[in-house]
Structure formats: structure tokens, C-alpha cells
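Engineer: Provided herewith is a single structure, encoded as C-alpha cells, for subsequent inquiry.
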Amino acid sequence: MTIGKSPDRENAPSSTLPSGTAEQTADAPSIGRVLSAARIDAGLTVDQVSSATRVRVPIVHSIEEDDFGRCGGDFYARGHIRAIAQLVRVDGEALVARYDAAHGGSPASKRPTELIESGPIKVPGRGRPNWTAAMVAAIVAVVGVIGFNLVSGKSGVGTTGSASAPLPSGSGTGSVAPAPTPTVQPPAPAPSAAIAAAPADKVTVKLVAEKDTSWVSAVDGTGKSLFQNNIEEGRDQTFTDPKQIKLVIGNAGAVHVYVNGKDLGPAGKNGQVVHVTYTPGDPQAG
């Protein structure tokens with residue numbers, strides 16, 4: 001990456017902290033001024049320093065202004081000072097020693113082994129609830145309940161022998177639940193039975209396309225057309241009239257005919273066109 005010169009180089013303080021300096025005079029530049037001057041001398045912008053050190057831009061600005069309140073504590077402040085100092089090539093340990101002298105001495109002996117600089121600084125009091133831990137605890141509880149139910153369900157099952165059918169009633173020990181009684185569906189009524197329920201003073205004709213599709217035309221006793229269309233294989237049509245039903249069946253061998261409750265069989269031969277008329281009472285073809 002090519003790093004350009006910062007436009008504020010000409011306004012930077014000329015004095016920086018030499019590497020290895022152990023003693024500072026009373027008029028020595030502050031920590032922030034040393035880091036700011038070294039950054040400008042290195043030709044770096046604040047954004048470039050932030051990107052290289054993972055210290056956020058507002059915190060870099062605050063440190064250069066000697067405001068360490070946004071660092072989140074002494075531990076993080078020392079880490080930021082060291083990281084920035086290493087980047088701009090000044091003595092970070094000397095600057096940390098000056099920071100400790102101004103902020104209550106060196107850190108305690110019990111401290112984390114490494115600095116955490118890879119993410120946003122977490123300011124005390126602004127943390128969010130640990131929803132991940134709560135979700136894990138809930139999942140563990142659910143798994144525990146399921147496991148308990150599975151173990152409880154198996155506690156009454158014997159461990160010897162292989163699985164077998166239930167013992168007949170009265171054999172062995174203990175009680176055996178009776179096998180459920182299968183539900184028997186009543187047989188579907190035959191087409192003739194459905195037609196037999198039609199009023200006796202009317203003519204009722206049912207056509208069932210059993211073997212193939214057939215074109216059918218149906219006209220009632222007044223000459224009104226009741227149906228003119230194909231009856232697909234497996235489908236049926238029923239016609240009722242007080243006087244008569246006139247039919248034209250295009251593929252008579254494919255159509256089974258039921259009239260007034262009687263099964264008349266196929267209307268004719270395969271491919272045959274038939275013209276028939278049915279009236280109330282016994283089926284009569286006109």
C-alpha cells in the first residue's frame with residue numbers, strides 16, 4: 001500500500017520522543033503530541049493509523065489530544081499507545097511509563113496475557129445481554145426433557161429376548177391391551193341401487209363409461225337438450241325426466257346403461273352409434 005503524505009505535516013511539532021529516552025524534562029511534549037507529530041512525520045493519516053492498529057478513528061483523535069477517557073480503561077489505553085507508537089516508530093514503552101506516572105502507577109501484576117485490539121472497544125455499562133448463552137441453555141434444557149421422556153418410555157419394556165407380538169389375552173403374566181378393531185367401510189352402492197331409489201313415476205337413466213370415452217347426446221321429453229359432450233372413461237352421467245329420455249351414444253360398446261334400477265349392460269358394440277329412448281316403468285327402447 002502506498003501511503004501518501006499527510007497534509008498537516010507542516011503544522012506538526014518538530015520534537016518527538018527519541019527511542020530509549022528514560023528521563024523527560026518538565027517541558028517535554030505530551031504523549032498525544034508525540035504520537036501526533038510522529039504520525040505526521042511518517043506521512044500517515046488518522047484513518048491509516050486506525051486501519052493498521054485496529055484502534056478506532058475517534059479514539060486515535062482522543063489519544064492525540066491526550067484524552068484517554070474513551071479508551072475504556074488504563075489497560076486498553078496502554079495497548080493503544082503501544083500499538084500506535086510501534087506504527088509511527090517511537091518508543092512505546094517510554095510513553096506507557098509516562099502514562100502510568102500520570103495515571104496512578106504501573107498496572108497490577110495480575111493482567112491478561114494479551115491485548116484485545118481486534119474489535120470495537122466495549123465500554124463498561126454498555127454491554128448487551130448474552131443471548132447466545134441463553135439460547136444454548138434453553139436448547140440443553142429441551143434436549144434434557146426429550147431424553148428423560150425417552151428413558152421413561154422405555155423403562156417398562158423387558159430387556160430379554162427380541163421384540164414380538166403381544167401375548168393373547170389370559171396367557172403369561174400381566175395384562176395385554178386388546179388390539180384395536182379395524183374399521184370396516186360399507187361397500188359402495190351399485191349403480192343400479194342408486195337408480196332404484198329414483199321416483200317410480202319418472203324415467204332415470206345412468207350412463208357409465210367403463211371401457212373408453214364416448215360422445216353422448218341426451219334430450220328430455222319436451223325436446224330440451226340435457227347433455228351433449230364426451231363422457232370420459234371412468235366417469236358417468238345421470239338423466240331424469242317425467243316422460244322420456246332420448247339418447248344418442250357415439251361409442252355404444254364403451255357405455256354401460258342403467259335404466260329405472262335395471263342393469264341393461266353395454267349400450268351396443270364398440271364404435272357403434274345407437275339411438276335409444278327410455279320411459280318410466282320397465283325399460284323400453286324406442
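Convention: chains lettered A, B, ... in C-alpha cells order; per-chain residue numbering from 1; ligands numbered from 1 as shown.
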Taking 6 positions as the minimum chain separation for residues in the same chain, which residues sit within 10 Å of region 223-235 of chain A when counting only C-alpha atoms? Answer as a VMD selection string.
Structural biologist: chain A and resid 207 to 217 244 to 250 254 to 255
Engineer: With all heavy atoms kept, could you save the residues just selected as a compact mmCIF listing (two decimals), in the first residue's frame?
Structural biologist:
```txt
# COMPACT_ATOMS: atom_id res chain seq x y z
N LEU A 207 -75.57 -43.47 -17.33
CA LEU A 207 -74.59 -43.95 -18.29
C LEU A 207 -73.21 -43.92 -17.63
O LEU A 207 -72.80 -42.89 -17.08
CB LEU A 207 -74.59 -43.09 -19.56
CG LEU A 207 -75.94 -42.92 -20.27
CD1 LEU A 207 -75.76 -42.04 -21.50
CD2 LEU A 207 -76.54 -44.27 -20.65
N VAL A 208 -72.49 -45.05 -17.69
CA VAL A 208 -71.16 -45.14 -17.12
C VAL A 208 -70.19 -45.53 -18.23
O VAL A 208 -70.35 -46.58 -18.86
CB VAL A 208 -71.10 -46.18 -15.98
CG1 VAL A 208 -69.69 -46.25 -15.40
CG2 VAL A 208 -72.11 -45.84 -14.90
N ALA A 209 -69.19 -44.70 -18.49
CA ALA A 209 -68.16 -45.01 -19.49
C ALA A 209 -67.11 -45.90 -18.83
O ALA A 209 -66.22 -45.43 -18.14
CB ALA A 209 -67.53 -43.72 -20.01
N GLU A 210 -67.25 -47.22 -19.03
CA GLU A 210 -66.41 -48.17 -18.32
C GLU A 210 -65.12 -48.50 -19.06
O GLU A 210 -64.08 -48.71 -18.44
CB GLU A 210 -67.19 -49.47 -18.06
CG GLU A 210 -68.35 -49.30 -17.08
CD GLU A 210 -69.04 -50.63 -16.80
OE1 GLU A 210 -68.87 -51.55 -17.61
OE2 GLU A 210 -69.74 -50.72 -15.78
N LYS A 211 -65.16 -48.60 -20.39
CA LYS A 211 -64.02 -49.10 -21.14
C LYS A 211 -63.31 -48.04 -21.97
O LYS A 211 -62.15 -48.20 -22.34
CB LYS A 211 -64.47 -50.23 -22.07
CG LYS A 211 -65.07 -51.42 -21.33
CD LYS A 211 -65.51 -52.49 -22.32
CE LYS A 211 -66.12 -53.69 -21.61
NZ LYS A 211 -66.57 -54.73 -22.56
N ASP A 212 -64.02 -46.96 -22.29
CA ASP A 212 -63.42 -45.96 -23.17
C ASP A 212 -64.25 -44.69 -23.08
O ASP A 212 -65.28 -44.65 -22.39
CB ASP A 212 -63.37 -46.48 -24.61
CG ASP A 212 -62.34 -45.73 -25.47
OD1 ASP A 212 -61.79 -44.73 -24.98
OD2 ASP A 212 -62.12 -46.17 -26.61
N THR A 213 -63.86 -43.66 -23.81
CA THR A 213 -64.62 -42.42 -23.86
C THR A 213 -65.68 -42.52 -24.96
O THR A 213 -65.45 -43.12 -26.01
CB THR A 213 -63.67 -41.24 -24.16
OG1 THR A 213 -62.72 -41.14 -23.11
CG2 THR A 213 -64.44 -39.93 -24.26
N SER A 214 -66.83 -41.92 -24.68
CA SER A 214 -67.91 -41.95 -25.67
C SER A 214 -68.61 -40.61 -25.70
O SER A 214 -68.83 -39.98 -24.66
CB SER A 214 -68.93 -43.05 -25.34
OG SER A 214 -69.99 -43.04 -26.28
N TRP A 215 -68.99 -40.20 -26.91
CA TRP A 215 -69.77 -38.96 -27.06
C TRP A 215 -71.24 -39.29 -26.84
O TRP A 215 -71.75 -40.30 -27.33
CB TRP A 215 -69.59 -38.38 -28.45
CG TRP A 215 -70.32 -37.07 -28.65
CD1 TRP A 215 -69.89 -35.83 -28.34
CD2 TRP A 215 -71.63 -36.91 -29.19
NE1 TRP A 215 -70.82 -34.88 -28.65
CE2 TRP A 215 -71.93 -35.53 -29.18
CE3 TRP A 215 -72.60 -37.80 -29.69
CZ2 TRP A 215 -73.13 -35.00 -29.65
CZ3 TRP A 215 -73.80 -37.28 -30.14
CH2 TRP A 215 -74.05 -35.88 -30.12
N VAL A 216 -71.96 -38.46 -26.09
CA VAL A 216 -73.35 -38.72 -25.74
C VAL A 216 -74.17 -37.46 -25.92
O VAL A 216 -73.73 -36.36 -25.55
CB VAL A 216 -73.48 -39.23 -24.28
CG1 VAL A 216 -74.94 -39.35 -23.87
CG2 VAL A 216 -72.77 -40.57 -24.12
N SER A 217 -75.39 -37.63 -26.44
CA SER A 217 -76.39 -36.56 -26.51
C SER A 217 -77.63 -37.05 -25.80
O SER A 217 -78.11 -38.18 -26.04
CB SER A 217 -76.71 -36.21 -27.96
OG SER A 217 -77.83 -35.33 -28.03
N GLN A 244 -89.73 -39.04 -20.87
CA GLN A 244 -88.81 -39.89 -21.60
C GLN A 244 -87.43 -39.23 -21.70
O GLN A 244 -87.29 -38.02 -21.54
CB GLN A 244 -89.33 -40.19 -23.01
CG GLN A 244 -89.44 -38.96 -23.90
CD GLN A 244 -89.97 -39.26 -25.30
OE1 GLN A 244 -90.50 -40.35 -25.55
NE2 GLN A 244 -89.84 -38.31 -26.20
N ILE A 245 -86.43 -40.09 -21.99
CA ILE A 245 -85.06 -39.64 -22.25
C ILE A 245 -84.63 -40.23 -23.58
O ILE A 245 -84.66 -41.46 -23.77
CB ILE A 245 -84.09 -40.09 -21.14
CG1 ILE A 245 -84.47 -39.47 -19.78
CG2 ILE A 245 -82.65 -39.72 -21.50
CD1 ILE A 245 -84.28 -37.99 -19.70
N LYS A 246 -84.26 -39.35 -24.52
CA LYS A 246 -83.75 -39.80 -25.82
C LYS A 246 -82.23 -39.65 -25.83
O LYS A 246 -81.71 -38.59 -25.47
CB LYS A 246 -84.36 -38.97 -26.95
CG LYS A 246 -85.85 -39.20 -27.16
CD LYS A 246 -86.36 -38.38 -28.35
CE LYS A 246 -87.84 -38.63 -28.59
NZ LYS A 246 -88.35 -37.88 -29.78
N LEU A 247 -81.56 -40.74 -26.24
CA LEU A 247 -80.10 -40.74 -26.20
C LEU A 247 -79.53 -41.06 -27.57
O LEU A 247 -80.09 -41.85 -28.33
CB LEU A 247 -79.59 -41.80 -25.20
CG LEU A 247 -79.97 -41.63 -23.73
CD1 LEU A 247 -79.54 -42.86 -22.94
CD2 LEU A 247 -79.33 -40.39 -23.14
N VAL A 248 -78.39 -40.44 -27.85
CA VAL A 248 -77.53 -40.82 -28.96
C VAL A 248 -76.16 -41.11 -28.36
O VAL A 248 -75.55 -40.22 -27.76
CB VAL A 248 -77.43 -39.72 -30.03
CG1 VAL A 248 -76.50 -40.17 -31.15
CG2 VAL A 248 -78.80 -39.38 -30.58
N ILE A 249 -75.69 -42.36 -28.50
CA ILE A 249 -74.43 -42.78 -27.90
C ILE A 249 -73.45 -43.09 -29.02
O ILE A 249 -73.70 -43.97 -29.85
CB ILE A 249 -74.63 -44.00 -26.98
CG1 ILE A 249 -75.68 -43.67 -25.90
CG2 ILE A 249 -73.32 -44.41 -26.34
CD1 ILE A 249 -76.04 -44.85 -25.03
N GLY A 250 -72.36 -42.39 -29.07
CA GLY A 250 -71.43 -42.49 -30.19
C GLY A 250 -70.56 -43.73 -30.17
O GLY A 250 -70.19 -44.24 -31.22
N ALA A 254 -68.59 -48.83 -25.19
CA ALA A 254 -67.86 -48.30 -24.04
C ALA A 254 -68.77 -47.86 -22.91
O ALA A 254 -68.29 -47.54 -21.82
CB ALA A 254 -66.98 -47.12 -24.47
N VAL A 255 -70.11 -47.80 -23.15
CA VAL A 255 -71.04 -47.22 -22.19
C VAL A 255 -71.94 -48.32 -21.62
O VAL A 255 -72.57 -49.09 -22.36
CB VAL A 255 -71.89 -46.12 -22.84
CG1 VAL A 255 -72.90 -45.57 -21.84
CG2 VAL A 255 -70.99 -45.01 -23.36
```
Engineer: Need to verify the contact set: Tyr258 (chain A), 7 Å, only C-alpha atoms, exclusion of same-chain residues closer than 6 positions in sequence. Can you return it as a list in words?
Structural biologist: Ser192, Val205, Lys206, Leu207 and Leu264 of chain A
Engineer: Determine, counting only C-alpha atoms, which protein, DNA and RNA residues have an atom within 10 Å of an atom of Pro58 (chain A); residues of the same chain fewer than 2 positions away are not included. Present the result as a ChimeraX atom specification.
Structural biologist: /A:46-47,50,55-56,60-63,70-71
Engineer: Tell me, in Å to one decimal, how far CA of Ile59 (chain A) is from CA of Ala102 (chain A).
Structural biologist: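 Rounded to one decimal, the two atoms are 18.9 Å apart.
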Engineer: Can you pull out every residue within 6 Å of Gln272 (chain A), counting only C-alpha atoms, but drop anything in the same chain fewer than 2 positions away, and send it as a ChimeraX atom specification?
Structural biologist: /A:251-252,269-270
Engineer: Contacts of region 83-93 of chain A at 6 Å or less, counting only C-alpha atoms, minus same-chain residues fewer than 3 places along, as number ranges by chain?
Structural biologist: A: 19, 38-39, 80, 96
Engineer: Restricted to C-alpha atoms, what would the selected residues look like written as a PDB file, in the first residue's frame?
Structural biologist:
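Final output, selection-v6.pdb:
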```pdb
ATOM      1  CA  SER A  19      13.780   5.951  21.285  1.00  0.00           C
ATOM      2  CA  ALA A  38       5.415  11.064  14.745  1.00  0.00           C
ATOM      3  CA  ARG A  39       2.369  10.137  12.676  1.00  0.00           C
ATOM      4  CA  HIS A  80      -3.424   1.646  22.137  1.00  0.00           C
ATOM      5  CA  VAL A  96       3.458   3.915  28.614  1.00  0.00           C
TER       6      VAL A  96
END
```
